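Report on one structure; see the data block that follows.
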Amino acid sequence: QVQLVESGGGLVQAGGSLRLSCAASGRTFSNSFIGWFRQAPGKEREFVAAISWAGGQTYYVDSVKGRFTISRDNAKNTVFLQMNSLKPEDTAVYSCGVRPYTYYTNKYFSESEYDYWGQGTQVTVSS
């Protein structure tokens with residue numbers, strides 16, 4: 001079993017920054033694929049970013065490229081999502097998911113690829 005806990009959300013003005021964290025317990029992120037997704041009110045959950053823990057490759061949805069950065073900290077067993085130049089349309093509940101024992105999946109943008117999820121953290125960007 002894997003338990004994921006997200007943190008770092010909050011209220012920020014447009015143009016501001018936040019750093020989200022996704023910490024794992026129960027097992028390490030080694031050899032896992034980790035993704036960040038978000039869900040705005042009335043909308044479906046959408047892919048934001050993903051990272052291969054073993055290889056470090058990163059993937060982003062076009063709308064956040066150049067603004068968001070996903071990274072990992074081996075020692076802390078934590079994945080981060082640095083979000084800069086935030087826009088009101090970034091407002092959503094952000095959740096991380098993990099697919100263990102996976103170096104790469106070509107469906108990293110699909111939430112069905114991830115086996116475990118955290119409870120999510122709210123990000124609100126005011127205009």
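Naming works like this for the structure tokens: A, B, ... for the chains as they're shown, residue 1 at the start of each chain, ligands 1 onward in shown order.
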Exercise. Give me the residues within 7 Å of A:Tyr103 as JSON, numbers by chain, counting only C-alpha atoms and dropping any in the same chain fewer than 2 places off.
Key: {"A": [31, 32, 33, 52, 54, 101]}
Counting only C-alpha atoms, what are the residues of stretch 19-95 of chain A within 10 Å of stretch 4-12 of chain A, and for each of them which pair of atoms is the nearest and at what distance in Å, to one decimal? Sort the table by chain and rising number, as a Markdown table.
```
| residue | atom | partner | partner_atom | distance |
| --- | --- | --- | --- | --- |
| A:Arg19 | CA | A:Gly8 | CA | 5.8 |
| A:Leu20 | CA | A:Gly8 | CA | 4.5 |
| A:Ser21 | CA | A:Ser7 | CA | 5.2 |
| A:Cys22 | CA | A:Glu6 | CA | 4.5 |
| A:Ala23 | CA | A:Val5 | CA | 5.3 |
| A:Ala24 | CA | A:Leu4 | CA | 4.7 |
| A:Ser25 | CA | A:Leu4 | CA | 6.6 |
| A:Gly26 | CA | A:Leu4 | CA | 8.9 |
| A:Thr78 | CA | A:Leu4 | CA | 9.4 |
| A:Val79 | CA | A:Glu6 | CA | 9.4 |
| A:Phe80 | CA | A:Glu6 | CA | 9.4 |
| A:Leu81 | CA | A:Gly8 | CA | 9.4 |
| A:Gln82 | CA | A:Gly8 | CA | 9.9 |
| A:Leu86 | CA | A:Val12 | CA | 8.1 |
| A:Lys87 | CA | A:Val12 | CA | 9.4 |
| A:Pro88 | CA | A:Val12 | CA | 9.4 |
| A:Thr91 | CA | A:Leu11 | CA | 9.2 |
| A:Ala92 | CA | A:Gly9 | CA | 9.7 |
| A:Val93 | CA | A:Gly9 | CA | 8.5 |
| A:Tyr94 | CA | A:Gly9 | CA | 8.1 |
| A:Ser95 | CA | A:Glu6 | CA | 6.8 |
```
Quiz item: Neighbours of A:Ser63 within 12 Å (only C-alpha atoms; same-chain residues fewer than 2 positions away dropped), as number ranges by chain?
Solution: A: 46-49, 59-61, 65-68, 83, 85-87, 89-90
Filtering to all heavy atoms, could you give me those residues as a short mmCIF file (atom, residue, chain, number, x, y, z; two decimals), in the first residue's frame?
```cif
data_model
loop_
_atom_site.label_atom_id
_atom_site.label_comp_id
_atom_site.auth_asym_id
_atom_site.auth_seq_id
_atom_site.Cartn_x
_atom_site.Cartn_y
_atom_site.Cartn_z
N GLU A 46 -8.00 16.77 -14.84
CA GLU A 46 -7.12 16.85 -15.99
C GLU A 46 -5.66 16.68 -15.58
O GLU A 46 -5.26 17.05 -14.48
CB GLU A 46 -7.29 18.18 -16.73
CG GLU A 46 -6.85 19.40 -15.97
CD GLU A 46 -6.76 20.65 -16.85
OE1 GLU A 46 -6.86 20.53 -18.09
OE2 GLU A 46 -6.57 21.74 -16.29
N PHE A 47 -4.89 16.15 -16.51
CA PHE A 47 -3.47 15.96 -16.31
C PHE A 47 -2.75 17.30 -16.27
O PHE A 47 -3.08 18.21 -17.04
CB PHE A 47 -2.91 15.10 -17.45
CG PHE A 47 -1.43 15.05 -17.51
CD1 PHE A 47 -0.71 14.28 -16.61
CD2 PHE A 47 -0.73 15.77 -18.47
CE1 PHE A 47 0.66 14.24 -16.66
CE2 PHE A 47 0.64 15.73 -18.54
CZ PHE A 47 1.34 14.97 -17.63
N VAL A 48 -1.77 17.40 -15.38
CA VAL A 48 -0.96 18.61 -15.28
C VAL A 48 0.51 18.31 -15.60
O VAL A 48 1.11 18.95 -16.47
CB VAL A 48 -1.05 19.23 -13.88
CG1 VAL A 48 -0.13 20.45 -13.76
CG2 VAL A 48 -2.49 19.60 -13.54
N ALA A 49 1.08 17.35 -14.88
CA ALA A 49 2.50 17.04 -15.07
C ALA A 49 2.79 15.65 -14.53
O ALA A 49 2.03 15.13 -13.70
CB ALA A 49 3.38 18.07 -14.35
N TYR A 59 6.92 15.46 -17.97
CA TYR A 59 5.90 15.67 -18.98
C TYR A 59 4.90 16.70 -18.46
O TYR A 59 4.59 16.70 -17.27
CB TYR A 59 5.18 14.35 -19.29
CG TYR A 59 6.14 13.22 -19.59
CD1 TYR A 59 6.67 12.43 -18.58
CD2 TYR A 59 6.55 12.97 -20.89
CE1 TYR A 59 7.57 11.42 -18.84
CE2 TYR A 59 7.46 11.95 -21.17
CZ TYR A 59 7.96 11.19 -20.15
OH TYR A 59 8.87 10.19 -20.42
N TYR A 60 4.41 17.56 -19.36
CA TYR A 60 3.50 18.63 -18.95
C TYR A 60 2.37 18.79 -19.95
O TYR A 60 2.54 18.56 -21.15
CB TYR A 60 4.26 19.96 -18.87
CG TYR A 60 5.39 19.99 -17.89
CD1 TYR A 60 6.69 19.69 -18.29
CD2 TYR A 60 5.17 20.33 -16.55
CE1 TYR A 60 7.75 19.71 -17.39
CE2 TYR A 60 6.22 20.35 -15.65
CZ TYR A 60 7.49 20.04 -16.06
OH TYR A 60 8.53 20.06 -15.17
N VAL A 61 1.25 19.24 -19.44
CA VAL A 61 0.18 19.68 -20.33
C VAL A 61 0.59 21.03 -20.91
O VAL A 61 1.32 21.81 -20.26
CB VAL A 61 -1.17 19.78 -19.57
CG1 VAL A 61 -1.13 20.90 -18.55
CG2 VAL A 61 -2.32 19.95 -20.54
N LYS A 65 3.23 24.52 -19.47
CA LYS A 65 4.63 24.49 -19.89
C LYS A 65 5.25 25.88 -19.75
O LYS A 65 4.66 26.88 -20.14
CB LYS A 65 4.75 24.01 -21.33
CG LYS A 65 4.54 22.52 -21.49
CD LYS A 65 4.69 22.09 -22.95
CE LYS A 65 4.48 20.59 -23.11
NZ LYS A 65 4.55 20.18 -24.52
N GLY A 66 6.44 25.90 -19.17
CA GLY A 66 7.13 27.17 -18.95
C GLY A 66 6.74 27.85 -17.66
O GLY A 66 7.40 28.82 -17.26
N ARG A 67 5.68 27.38 -17.01
CA ARG A 67 5.24 27.98 -15.75
C ARG A 67 5.38 27.01 -14.57
O ARG A 67 5.69 27.44 -13.46
CB ARG A 67 3.78 28.45 -15.85
CG ARG A 67 3.53 29.47 -16.92
CD ARG A 67 2.10 30.03 -16.81
NE ARG A 67 1.07 29.02 -17.00
CZ ARG A 67 0.11 28.76 -16.12
NH1 ARG A 67 0.05 29.43 -14.99
NH2 ARG A 67 -0.80 27.84 -16.39
N PHE A 68 5.11 25.74 -14.82
CA PHE A 68 5.16 24.73 -13.75
C PHE A 68 6.38 23.83 -13.96
O PHE A 68 6.78 23.55 -15.09
CB PHE A 68 3.90 23.86 -13.79
CG PHE A 68 2.62 24.53 -13.39
CD1 PHE A 68 2.54 25.91 -13.24
CD2 PHE A 68 1.48 23.78 -13.17
CE1 PHE A 68 1.36 26.53 -12.87
CE2 PHE A 68 0.29 24.38 -12.80
CZ PHE A 68 0.23 25.75 -12.65
N MET A 83 4.80 25.99 -9.06
CA MET A 83 3.87 26.67 -9.95
C MET A 83 4.14 28.18 -9.90
O MET A 83 3.99 28.80 -8.86
CB MET A 83 2.42 26.38 -9.53
CG MET A 83 2.12 24.89 -9.41
SD MET A 83 0.37 24.55 -9.10
CE MET A 83 0.17 25.31 -7.51
N SER A 85 3.83 32.10 -12.06
CA SER A 85 2.96 32.87 -12.97
C SER A 85 1.54 32.30 -12.99
O SER A 85 0.95 32.08 -14.05
CB SER A 85 3.55 32.86 -14.40
OG SER A 85 4.85 33.39 -14.40
N LEU A 86 1.02 32.07 -11.80
CA LEU A 86 -0.30 31.45 -11.70
C LEU A 86 -1.39 32.34 -12.28
O LEU A 86 -1.32 33.58 -12.21
CB LEU A 86 -0.60 31.12 -10.24
CG LEU A 86 0.14 29.87 -9.72
CD1 LEU A 86 0.16 29.85 -8.20
CD2 LEU A 86 -0.53 28.62 -10.27
N LYS A 87 -2.38 31.67 -12.85
CA LYS A 87 -3.51 32.34 -13.47
C LYS A 87 -4.80 31.89 -12.78
O LYS A 87 -4.85 30.79 -12.22
CB LYS A 87 -3.58 31.98 -14.95
CG LYS A 87 -2.32 32.27 -15.74
CD LYS A 87 -2.44 31.77 -17.17
CE LYS A 87 -1.17 32.04 -17.96
NZ LYS A 87 -1.29 31.55 -19.37
N GLU A 89 -7.31 30.60 -14.00
CA GLU A 89 -7.74 29.32 -14.55
C GLU A 89 -6.96 28.13 -14.01
O GLU A 89 -7.29 26.98 -14.30
CB GLU A 89 -7.66 29.33 -16.08
CG GLU A 89 -6.33 29.79 -16.65
CD GLU A 89 -6.35 31.26 -17.03
OE1 GLU A 89 -6.88 32.09 -16.26
OE2 GLU A 89 -5.80 31.58 -18.12
N ASP A 90 -5.94 28.39 -13.21
CA ASP A 90 -5.22 27.31 -12.53
C ASP A 90 -5.92 26.89 -11.24
O ASP A 90 -5.51 25.91 -10.61
CB ASP A 90 -3.79 27.75 -12.19
CG ASP A 90 -2.94 27.98 -13.42
OD1 ASP A 90 -3.03 27.18 -14.38
OD2 ASP A 90 -2.17 28.97 -13.42
#
```
Quiz item: So how far away is atom CA of A:Trp53 from atom CA of A:Arg72, in Å?
Solution: 7.2 Å
Practice problem: Compare A:Gly35, A:Gly16, A:Gly56, A:Gly120 by their minimum atom-to-atom distance to A:Gly97, counting only C-alpha atoms, and give me the closest one. | Solution: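 Ranked by minimum distance to A:Gly97, first place goes to A:Gly35.
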Quiz item: How many Å lie between atom CA of A:Gln1 and atom CA of A:Gln39, rounded to one decimal?
Solution: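 These two atoms are separated by 24.3 Å.
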How would you write, as a PDB file with C-alpha atoms, in the first residue's frame, the set of residues in chain A that DSSP gives as strand (DSSP E)?
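Result file follows (part.pdb):
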```pdb
ATOM      1  CA  GLN A   3      -0.247   6.595   1.138  1.00  0.00           C
ATOM      2  CA  LEU A   4       0.124   9.964  -0.537  1.00  0.00           C
ATOM      3  CA  VAL A   5      -0.263  13.317   1.179  1.00  0.00           C
ATOM      4  CA  GLU A   6      -0.360  16.575  -0.750  1.00  0.00           C
ATOM      5  CA  SER A   7       0.350  19.941   0.802  1.00  0.00           C
ATOM      6  CA  GLY A  10      -3.539  28.025  -0.737  1.00  0.00           C
ATOM      7  CA  LEU A  11      -4.822  31.348  -1.966  1.00  0.00           C
ATOM      8  CA  VAL A  12      -2.542  33.433  -4.169  1.00  0.00           C
ATOM      9  CA  GLN A  13      -2.948  36.387  -6.482  1.00  0.00           C
ATOM     10  CA  LEU A  18       3.056  28.113  -4.962  1.00  0.00           C
ATOM     11  CA  ARG A  19       4.963  24.891  -4.427  1.00  0.00           C
ATOM     12  CA  LEU A  20       2.954  21.742  -3.928  1.00  0.00           C
ATOM     13  CA  SER A  21       4.367  18.643  -2.280  1.00  0.00           C
ATOM     14  CA  CYS A  22       3.377  15.014  -2.631  1.00  0.00           C
ATOM     15  CA  ALA A  23       4.866  12.847   0.095  1.00  0.00           C
ATOM     16  CA  ALA A  24       4.702   9.073   0.040  1.00  0.00           C
ATOM     17  CA  SER A  25       4.605   6.626   2.928  1.00  0.00           C
ATOM     18  CA  PHE A  33       5.734   7.083 -12.166  1.00  0.00           C
ATOM     19  CA  ILE A  34       4.127  10.041 -10.427  1.00  0.00           C
ATOM     20  CA  GLY A  35       1.581  12.438 -11.855  1.00  0.00           C
ATOM     21  CA  TRP A  36      -0.124  15.643 -10.797  1.00  0.00           C
ATOM     22  CA  PHE A  37      -3.723  16.177 -11.841  1.00  0.00           C
ATOM     23  CA  ARG A  38      -6.204  18.934 -11.076  1.00  0.00           C
ATOM     24  CA  GLN A  39      -9.944  19.257 -10.966  1.00  0.00           C
ATOM     25  CA  GLU A  46      -7.117  16.846 -15.991  1.00  0.00           C
ATOM     26  CA  PHE A  47      -3.474  15.960 -16.308  1.00  0.00           C
ATOM     27  CA  VAL A  48      -0.956  18.608 -15.279  1.00  0.00           C
ATOM     28  CA  ALA A  49       2.504  17.040 -15.066  1.00  0.00           C
ATOM     29  CA  ALA A  50       4.270  13.735 -14.525  1.00  0.00           C
ATOM     30  CA  ILE A  51       7.714  12.456 -13.704  1.00  0.00           C
ATOM     31  CA  SER A  52       9.507   9.167 -13.968  1.00  0.00           C
ATOM     32  CA  THR A  58       9.115  15.026 -17.108  1.00  0.00           C
ATOM     33  CA  TYR A  59       5.899  15.669 -18.983  1.00  0.00           C
ATOM     34  CA  TYR A  60       3.505  18.633 -18.949  1.00  0.00           C
ATOM     35  CA  PHE A  68       5.160  24.730 -13.753  1.00  0.00           C
ATOM     36  CA  THR A  69       8.038  22.443 -12.882  1.00  0.00           C
ATOM     37  CA  ILE A  70       7.759  18.935 -11.489  1.00  0.00           C
ATOM     38  CA  SER A  71      10.712  17.560  -9.561  1.00  0.00           C
ATOM     39  CA  ARG A  72      11.633  14.904  -7.033  1.00  0.00           C
ATOM     40  CA  ASP A  73      13.659  14.662  -3.850  1.00  0.00           C
ATOM     41  CA  THR A  78       8.628  13.611  -2.163  1.00  0.00           C
ATOM     42  CA  VAL A  79       7.549  15.005  -5.502  1.00  0.00           C
ATOM     43  CA  PHE A  80       7.122  18.742  -5.929  1.00  0.00           C
ATOM     44  CA  LEU A  81       5.144  20.904  -8.310  1.00  0.00           C
ATOM     45  CA  GLN A  82       6.527  24.411  -8.499  1.00  0.00           C
ATOM     46  CA  MET A  83       3.871  26.675  -9.955  1.00  0.00           C
ATOM     47  CA  ALA A  92      -8.481  23.664  -8.802  1.00  0.00           C
ATOM     48  CA  VAL A  93      -7.928  20.829  -6.372  1.00  0.00           C
ATOM     49  CA  TYR A  94      -4.527  19.372  -7.168  1.00  0.00           C
ATOM     50  CA  SER A  95      -3.909  15.683  -6.534  1.00  0.00           C
ATOM     51  CA  CYS A  96      -0.948  13.411  -7.035  1.00  0.00           C
ATOM     52  CA  GLY A  97      -1.133   9.835  -8.213  1.00  0.00           C
ATOM     53  CA  VAL A  98       1.459   7.095  -8.364  1.00  0.00           C
ATOM     54  CA  ARG A  99       1.918   4.070 -10.570  1.00  0.00           C
ATOM     55  CA  TYR A 116      -2.886   5.384  -5.649  1.00  0.00           C
ATOM     56  CA  TRP A 117      -4.035   8.932  -4.991  1.00  0.00           C
ATOM     57  CA  THR A 121      -4.882  20.253  -1.966  1.00  0.00           C
ATOM     58  CA  GLN A 122      -6.845  23.344  -2.956  1.00  0.00           C
ATOM     59  CA  VAL A 123      -5.188  26.011  -5.079  1.00  0.00           C
ATOM     60  CA  THR A 124      -7.090  29.250  -5.560  1.00  0.00           C
ATOM     61  CA  VAL A 125      -5.755  32.030  -7.776  1.00  0.00           C
ATOM     62  CA  SER A 126      -7.482  35.377  -7.504  1.00  0.00           C
TER      63      SER A 126
END
```
Practice problem: Check stretch 50-94 of chain A with DSSP on the backbone and list each residue it calls helix (DSSP H, G or I), as a PyMOL selection string. | Solution: chain A and resi 62-64+88-90
